[in-house]
$ cat query26.txt   # compact mmCIF, C-alpha atoms
# COMPACT_ATOMS: atom_id res chain seq x y z
CA MET A 1 3.18 -14.04 -86.57
CA LYS A 2 2.42 -15.31 -83.09
CA LYS A 3 3.62 -18.82 -82.25
CA LYS A 4 2.87 -21.13 -79.36
CA ILE A 5 5.09 -23.53 -77.43
CA GLU A 6 3.62 -26.58 -75.75
CA ILE A 7 5.51 -28.48 -73.07
CA ALA A 8 4.90 -32.19 -72.71
CA TYR A 9 5.45 -33.94 -69.39
CA THR A 10 4.02 -36.79 -67.38
CA GLN A 11 2.18 -35.98 -64.17
CA TYR A 12 1.94 -38.43 -61.29
CA GLU A 13 -0.45 -37.95 -58.38
CA ASP A 14 1.84 -39.50 -55.76
CA LEU A 15 5.12 -41.32 -55.23
CA GLN A 16 3.57 -44.78 -55.46
CA GLU A 17 2.80 -44.23 -59.17
CA LEU A 18 6.41 -43.44 -60.07
CA PRO A 19 8.80 -46.01 -61.52
CA GLN A 20 11.01 -47.37 -58.72
CA GLN A 21 14.21 -45.66 -59.90
CA ASP A 22 12.47 -42.25 -60.01
CA HIS A 23 10.93 -42.85 -56.58
CA GLU A 24 14.37 -43.66 -55.18
CA LEU A 25 15.88 -40.47 -56.64
CA LEU A 26 13.10 -38.31 -55.20
CA GLN A 27 13.57 -39.89 -51.77
CA LYS A 28 17.32 -39.20 -51.89
CA ALA A 29 16.68 -35.61 -53.01
CA SER A 30 14.27 -35.16 -50.10
CA VAL A 31 16.87 -36.41 -47.61
CA ALA A 32 19.49 -34.10 -49.17
CA ALA A 33 17.13 -31.12 -48.80
CA GLU A 34 17.04 -31.65 -45.04
CA ASP A 35 20.72 -30.72 -44.79
CA ALA A 36 20.60 -27.69 -47.08
CA TYR A 37 22.23 -24.54 -45.75
CA ALA A 38 19.42 -22.02 -46.27
CA PRO A 39 19.40 -19.68 -43.25
CA TYR A 40 18.28 -16.68 -45.30
CA SER A 41 15.52 -18.00 -47.56
CA ARG A 42 14.56 -21.01 -45.41
CA PHE A 43 13.86 -22.67 -48.77
CA LYS A 44 15.72 -25.98 -48.76
CA VAL A 45 16.27 -27.70 -52.08
CA GLY A 46 17.59 -31.21 -52.60
CA ALA A 47 18.77 -32.83 -55.81
CA ALA A 48 19.72 -36.39 -56.63
CA LEU A 49 20.99 -37.61 -59.97
CA ARG A 50 21.73 -41.03 -61.39
CA LEU A 51 24.65 -41.56 -63.75
CA ASP A 52 24.87 -44.13 -66.52
CA ASN A 53 27.17 -46.22 -64.29
CA GLY A 54 24.43 -46.45 -61.63
CA VAL A 55 26.06 -44.03 -59.17
CA ILE A 56 23.71 -41.61 -57.42
CA VAL A 57 25.02 -38.16 -56.51
CA THR A 58 23.10 -35.93 -54.09
CA ALA A 59 23.38 -32.25 -53.24
CA ASN A 60 21.51 -29.38 -51.61
CA ASN A 61 21.45 -25.62 -51.93
CA GLN A 62 24.11 -23.62 -50.09
CA GLU A 63 23.33 -19.97 -49.32
CA ASN A 64 25.78 -17.24 -48.39
CA ALA A 65 25.35 -13.85 -46.72
CA ALA A 66 27.19 -12.35 -49.70
CA PHE A 67 24.25 -13.00 -52.02
CA PRO A 68 24.41 -14.31 -54.77
CA SER A 69 27.52 -16.27 -53.78
CA GLY A 70 25.51 -19.35 -52.86
CA LEU A 71 24.70 -22.15 -55.26
CA CYS A 72 21.63 -24.16 -56.15
CA ALA A 73 21.34 -27.88 -55.36
CA GLU A 74 20.95 -28.79 -59.00
CA ARG A 75 24.22 -27.20 -60.14
CA ILE A 76 26.12 -28.59 -57.16
CA ALA A 77 24.89 -32.10 -58.02
CA VAL A 78 25.67 -31.78 -61.72
CA PHE A 79 29.09 -30.19 -61.24
CA SER A 80 30.00 -32.68 -58.51
CA ALA A 81 29.05 -35.61 -60.73
CA ALA A 82 31.05 -34.16 -63.63
CA ALA A 83 34.10 -33.65 -61.39
CA GLN A 84 33.97 -37.04 -59.66
CA TYR A 85 32.76 -39.18 -62.58
CA PRO A 86 33.96 -37.53 -65.80
CA GLY A 87 32.82 -39.35 -68.90
CA HIS A 88 29.58 -40.61 -67.32
CA ALA A 89 26.31 -39.22 -68.61
CA ILE A 90 23.49 -38.17 -66.30
CA GLU A 91 20.43 -40.33 -66.87
CA ALA A 92 17.98 -38.70 -64.46
CA LEU A 93 17.79 -35.82 -61.99
CA ALA A 94 15.23 -35.41 -59.18
CA ILE A 95 14.60 -32.07 -57.49
CA THR A 96 12.47 -31.37 -54.42
CA ALA A 97 12.12 -28.54 -51.91
CA LYS A 98 11.08 -27.95 -48.32
CA ALA A 99 10.04 -24.71 -46.70
CA GLN A 100 8.26 -23.53 -43.57
CA HIS A 101 5.00 -24.31 -45.36
CA ASP A 102 3.93 -27.26 -47.50
CA ILE A 103 4.87 -26.99 -51.17
CA ASP A 104 2.24 -29.01 -52.99
CA HIS A 105 3.40 -28.42 -56.57
CA PRO A 106 6.50 -29.37 -58.57
CA ILE A 107 9.51 -27.09 -58.04
CA ALA A 108 11.40 -26.32 -61.24
CA PRO A 109 15.07 -25.37 -61.49
CA CYS A 110 16.05 -21.73 -62.05
CA GLY A 111 17.22 -20.56 -65.46
CA ALA A 112 20.93 -20.84 -64.63
CA CYS A 113 20.42 -24.42 -63.46
CA ARG A 114 18.40 -25.30 -66.57
CA GLN A 115 21.17 -24.03 -68.82
CA SER A 116 23.85 -25.82 -66.76
CA ILE A 117 21.98 -29.14 -66.81
CA LEU A 118 21.27 -28.77 -70.53
CA GLU A 119 25.01 -28.39 -71.17
CA TYR A 120 25.43 -32.02 -70.08
CA GLU A 121 22.65 -33.18 -72.39
CA HIS A 122 24.57 -31.53 -75.21
CA LYS A 123 27.93 -32.89 -74.04
CA PHE A 124 26.76 -36.51 -73.97
CA LYS A 125 24.09 -36.18 -76.69
CA LYS A 126 21.69 -37.91 -74.34
CA PRO A 127 18.52 -36.55 -72.70
CA ILE A 128 18.34 -36.17 -68.93
CA ARG A 129 15.06 -37.28 -67.34
CA VAL A 130 13.95 -34.57 -64.88
CA ILE A 131 11.68 -35.40 -61.92
CA LEU A 132 10.17 -32.46 -60.02
CA ARG A 133 8.17 -32.32 -56.80
CA GLY A 134 7.59 -29.95 -53.94
CA SER A 135 7.45 -31.31 -50.40
CA SER A 136 4.18 -33.07 -51.29
CA GLY A 137 1.63 -33.26 -54.05
CA LYS A 138 1.88 -33.96 -57.74
CA ILE A 139 5.08 -34.93 -59.51
CA ALA A 140 6.09 -33.71 -62.96
CA VAL A 141 8.46 -35.79 -65.08
CA PHE A 142 10.13 -34.41 -68.20
CA ASP A 143 11.91 -36.63 -70.71
CA SER A 144 14.60 -34.01 -71.30
CA MET A 145 15.88 -30.76 -69.82
CA GLU A 146 15.50 -29.34 -73.32
CA THR A 147 11.73 -29.43 -72.75
CA LEU A 148 12.15 -27.01 -69.82
CA LEU A 149 14.38 -24.64 -71.79
CA PRO A 150 13.06 -24.47 -75.36
CA PHE A 151 15.04 -21.31 -76.27
CA GLN A 152 18.37 -22.43 -74.91
CA PHE A 153 21.82 -21.06 -75.55
CA ASN A 154 23.81 -23.66 -77.42
CA SER A 155 27.55 -23.58 -78.06
CA ASP A 156 26.85 -24.89 -81.59
CA GLU A 157 25.66 -21.35 -82.33
CA LEU A 158 29.02 -19.76 -81.46
CA PRO A 159 31.24 -18.69 -84.36
CA ARG A 160 34.17 -21.09 -84.71
CA SER A 161 36.68 -18.48 -83.53
CA GLN A 162 34.79 -18.00 -80.24
CA GLU A 163 34.28 -21.73 -79.80
CA ALA A 164 38.04 -22.33 -79.91
CA GLU A 165 38.51 -19.78 -77.13
CA ARG A 166 36.12 -21.59 -74.78
$ encode --input "query26.txt" --output "structure tokens"
Amino acid sequence: MKKKIEIAYTQYEDLQELPQQDHELLQKASVAAEDAYAPYSRFKVGAALRLDNGVIVTANNQENAAFPSGLCAERIAVFSAAAQYPGHAIEALAITAKAQHDIDHPIAPCGACRQSILEYEHKFKKPIRVILRGSSGKIAVFDSMETLLPFQFNSDELPRSQEAER
């Protein structure tokens, strides 16, 4: 039996249509992208997230000659927020990218970042709003990271003996 998955999201034509808080996060992600360390790919990614206490954490991708030792902007932002503000849920995360050419479509996080972000949805039992944009063009907004990773790995599926070892 063949099945089909549909992904629901809201598309905005430009920044002016976005709710103010989402607009602010995208602007902060764009500024963060400017300072990314991406000498190899020249693909600069910025991320900005807002916690439930109102704090905004920004990050950018950091490459390394010993590939794949670098880290994506999204994971740096999420891990930094978790380390600095433990116990505070992520409400929203904006991601944008800049390259040597215009990127006129939303840039989505890689699989490792999707799984890492989703871990914090599970931890706090609260969806994370995800706002995606390239350097220009349309914006895609997802109500939950779960929407971007429908066949996720979930620790609830681990046998109890393995879960205790985590």
$ atom_distance --input "query26.txt" --atom1 "atom CA of Glu121 of chain A" --atom2 "atom CA of Ala82 of chain A"
12.2 Å
$ residues_near_point --input "query26.txt" --point "(8.2, -37.2, -55.7)" --cutoff "7 Å" --atoms "all atoms listed in the file" --output "list in words"
Asp14, Leu15, His23, Leu26, Leu132, Arg133 and Ile139 of chain A
$ closest_residue --input "query26.txt" --among "A:Gln11, A:Ser69, A:Thr96, A:Gln16" --to "Ala47 of chain A" --atoms "only C-alpha atoms"
A:Thr96
$ residues_around --input "query26.txt" --residues "Pro109 of chain A" --least-positions-apart "3" --cutoff "9 Å" --atoms "all atoms listed in the file" --output "ChimeraX atom specification"
/A:72,74,95,112-114,132,148
$ axis_aligned_box --input "query26.txt" --around "segment 41-48 of chain A" --padding-each-side "6 Å" --output "JSON"
{"center_x": 16.8, "center_y": -27.2, "center_z": -51.0, "size_x": 17.9, "size_y": 30.4, "size_z": 23.2}
$ atom_distance --input "query26.txt" --atom1 "atom CA of Asp104 of chain A" --atom2 "atom CA of Val55 of chain A"
28.8 Å
$ closest_residue --input "query26.txt" --among "A:Glu6, A:Glu17, A:Glu63, A:Asp22" --to "Leu149 of chain A" --atoms "all atoms listed in the file"
A:Glu6
$ residues_around --input "query26.txt" --residues "Ser80 of chain A" --least-positions-apart "4" --cutoff "10 Å" --atoms "only C-alpha atoms" --output "number ranges by chain"
A: 57-59, 74-76, 84-86
$ atom_distance --input "query26.txt" --atom1 "atom CA of Gly70 of chain A" --atom2 "atom CA of Tyr40 of chain A"
10.8 Å
$ closest_residue --input "query26.txt" --among "A:Gly54, A:Pro127, A:Gly46, A:Gly111" --to "Ala97 of chain A" --atoms "all atoms listed in the file"
A:Gly46
$ closest_residue --input "query26.txt" --among "A:Ile131, A:Asn64, A:Lys98, A:Tyr9" --to "Arg50 of chain A" --atoms "all atoms listed in the file"
A:Ile131
$ closest_residue --input "query26.txt" --among "A:Gln21, A:Ser116, A:Asn61, A:Thr10" --to "Pro39 of chain A" --atoms "only C-alpha atoms"
A:Asn61
$ closest_residue --input "query26.txt" --among "A:Ile128, A:Ala94, A:Ile107, A:Leu71" --to "Leu18 of chain A" --atoms "all atoms listed in the file"
A:Ala94
$ decode --input "query26.txt" --residues "segment 37-144 of chain A" --atoms "C-alpha atoms" --output "short mmCIF file (atom, residue, chain, number, x, y, z; two decimals), in the first residue's frame"
data_model
loop_
_atom_site.label_atom_id
_atom_site.label_comp_id
_atom_site.auth_asym_id
_atom_site.auth_seq_id
_atom_site.Cartn_x
_atom_site.Cartn_y
_atom_site.Cartn_z
CA TYR A 37 32.79 31.20 9.52
CA ALA A 38 32.27 29.54 6.13
CA PRO A 39 35.54 29.85 4.19
CA TYR A 40 35.06 26.51 2.42
CA SER A 41 31.41 26.48 1.35
CA ARG A 42 30.90 30.26 1.34
CA PHE A 43 27.37 29.37 2.46
CA LYS A 44 26.65 31.44 5.55
CA VAL A 45 23.75 30.39 7.74
CA GLY A 46 22.29 32.36 10.62
CA ALA A 47 19.84 31.19 13.26
CA ALA A 48 17.95 33.07 15.94
CA LEU A 49 15.65 31.51 18.51
CA ARG A 50 13.32 32.92 21.12
CA LEU A 51 12.89 31.21 24.48
CA ASP A 52 9.78 31.20 26.63
CA ASN A 53 11.45 33.77 28.91
CA GLY A 54 11.78 36.20 25.97
CA VAL A 55 15.55 35.78 25.54
CA ILE A 56 16.79 35.61 21.94
CA VAL A 57 19.84 33.47 21.19
CA THR A 58 21.67 33.80 17.87
CA ALA A 59 24.27 31.64 16.16
CA ASN A 60 25.89 30.97 12.79
CA ASN A 61 27.55 28.04 11.09
CA GLN A 62 31.19 27.32 11.88
CA GLU A 63 33.18 25.32 9.32
CA ASN A 64 36.46 23.51 9.85
CA ALA A 65 39.11 22.22 7.44
CA ALA A 66 38.74 18.83 9.13
CA PHE A 67 35.30 18.30 7.60
CA PRO A 68 32.81 17.40 9.11
CA SER A 69 34.09 18.91 12.36
CA GLY A 70 32.14 22.13 11.85
CA LEU A 71 28.65 22.72 13.13
CA CYS A 72 25.44 24.15 11.74
CA ALA A 73 23.97 27.43 13.00
CA GLU A 74 20.77 25.75 14.11
CA ARG A 75 22.45 23.25 16.44
CA ILE A 76 24.79 25.88 17.85
CA ALA A 77 21.79 28.09 18.69
CA VAL A 78 19.77 25.26 20.23
CA PHE A 79 22.66 23.80 22.23
CA SER A 80 23.76 27.25 23.39
CA ALA A 81 20.25 28.08 24.56
CA ALA A 82 19.99 24.75 26.39
CA ALA A 83 23.36 25.30 28.09
CA GLN A 84 22.78 28.93 29.07
CA TYR A 85 19.05 28.78 29.86
CA PRO A 86 18.26 25.23 31.00
CA GLY A 87 14.60 24.70 31.75
CA HIS A 88 13.41 27.26 29.17
CA ALA A 89 11.54 25.99 26.14
CA ILE A 90 12.24 27.26 22.63
CA GLU A 91 9.19 29.01 21.22
CA ALA A 92 10.45 29.87 17.74
CA LEU A 93 13.52 29.46 15.55
CA ALA A 94 14.37 31.48 12.43
CA ILE A 95 16.92 30.29 9.87
CA THR A 96 18.33 32.20 6.91
CA ALA A 97 21.33 31.87 4.60
CA LYS A 98 23.59 34.01 2.45
CA ALA A 99 25.83 32.92 -0.38
CA GLN A 100 27.69 34.46 -3.30
CA HIS A 101 24.38 34.43 -5.18
CA ASP A 102 20.86 35.36 -4.11
CA ILE A 103 18.93 32.55 -2.42
CA ASP A 104 15.30 33.30 -3.19
CA HIS A 105 13.70 30.28 -1.49
CA PRO A 106 13.41 29.09 2.11
CA ILE A 107 16.47 27.23 3.43
CA ALA A 108 15.59 24.21 5.56
CA PRO A 109 17.77 22.68 8.27
CA CYS A 110 19.72 19.49 7.56
CA GLY A 111 18.54 16.16 8.95
CA ALA A 112 20.87 16.24 11.96
CA CYS A 113 19.61 19.71 12.88
CA ARG A 114 15.98 18.66 12.45
CA GLN A 115 16.47 15.75 14.82
CA SER A 116 18.36 17.92 17.33
CA ILE A 117 15.69 20.64 17.31
CA LEU A 118 12.93 18.04 17.58
CA GLU A 119 14.59 16.66 20.72
CA TYR A 120 13.72 19.94 22.46
CA GLU A 121 10.11 19.76 21.31
CA HIS A 122 9.96 16.34 22.94
CA LYS A 123 11.80 17.49 26.07
CA PHE A 124 9.42 20.38 26.75
CA LYS A 125 6.33 18.82 25.11
CA LYS A 126 5.86 22.08 23.24
CA PRO A 127 6.08 22.76 19.49
CA ILE A 128 8.80 25.01 18.11
CA ARG A 129 7.67 27.46 15.42
CA VAL A 130 10.19 27.32 12.55
CA ILE A 131 10.67 30.30 10.20
CA LEU A 132 12.71 29.70 7.04
CA ARG A 133 14.00 32.09 4.40
CA GLY A 134 16.89 32.38 2.01
CA SER A 135 18.59 35.74 1.54
CA SER A 136 15.41 37.02 -0.14
CA GLY A 137 12.09 35.79 -1.43
CA LYS A 138 9.30 33.82 0.13
CA ILE A 139 9.21 32.76 3.76
CA ALA A 140 7.94 29.41 5.01
CA VAL A 141 6.63 29.08 8.55
CA PHE A 142 6.01 25.71 10.19
CA ASP A 143 4.04 25.34 13.41
CA SER A 144 6.34 22.55 14.62
#
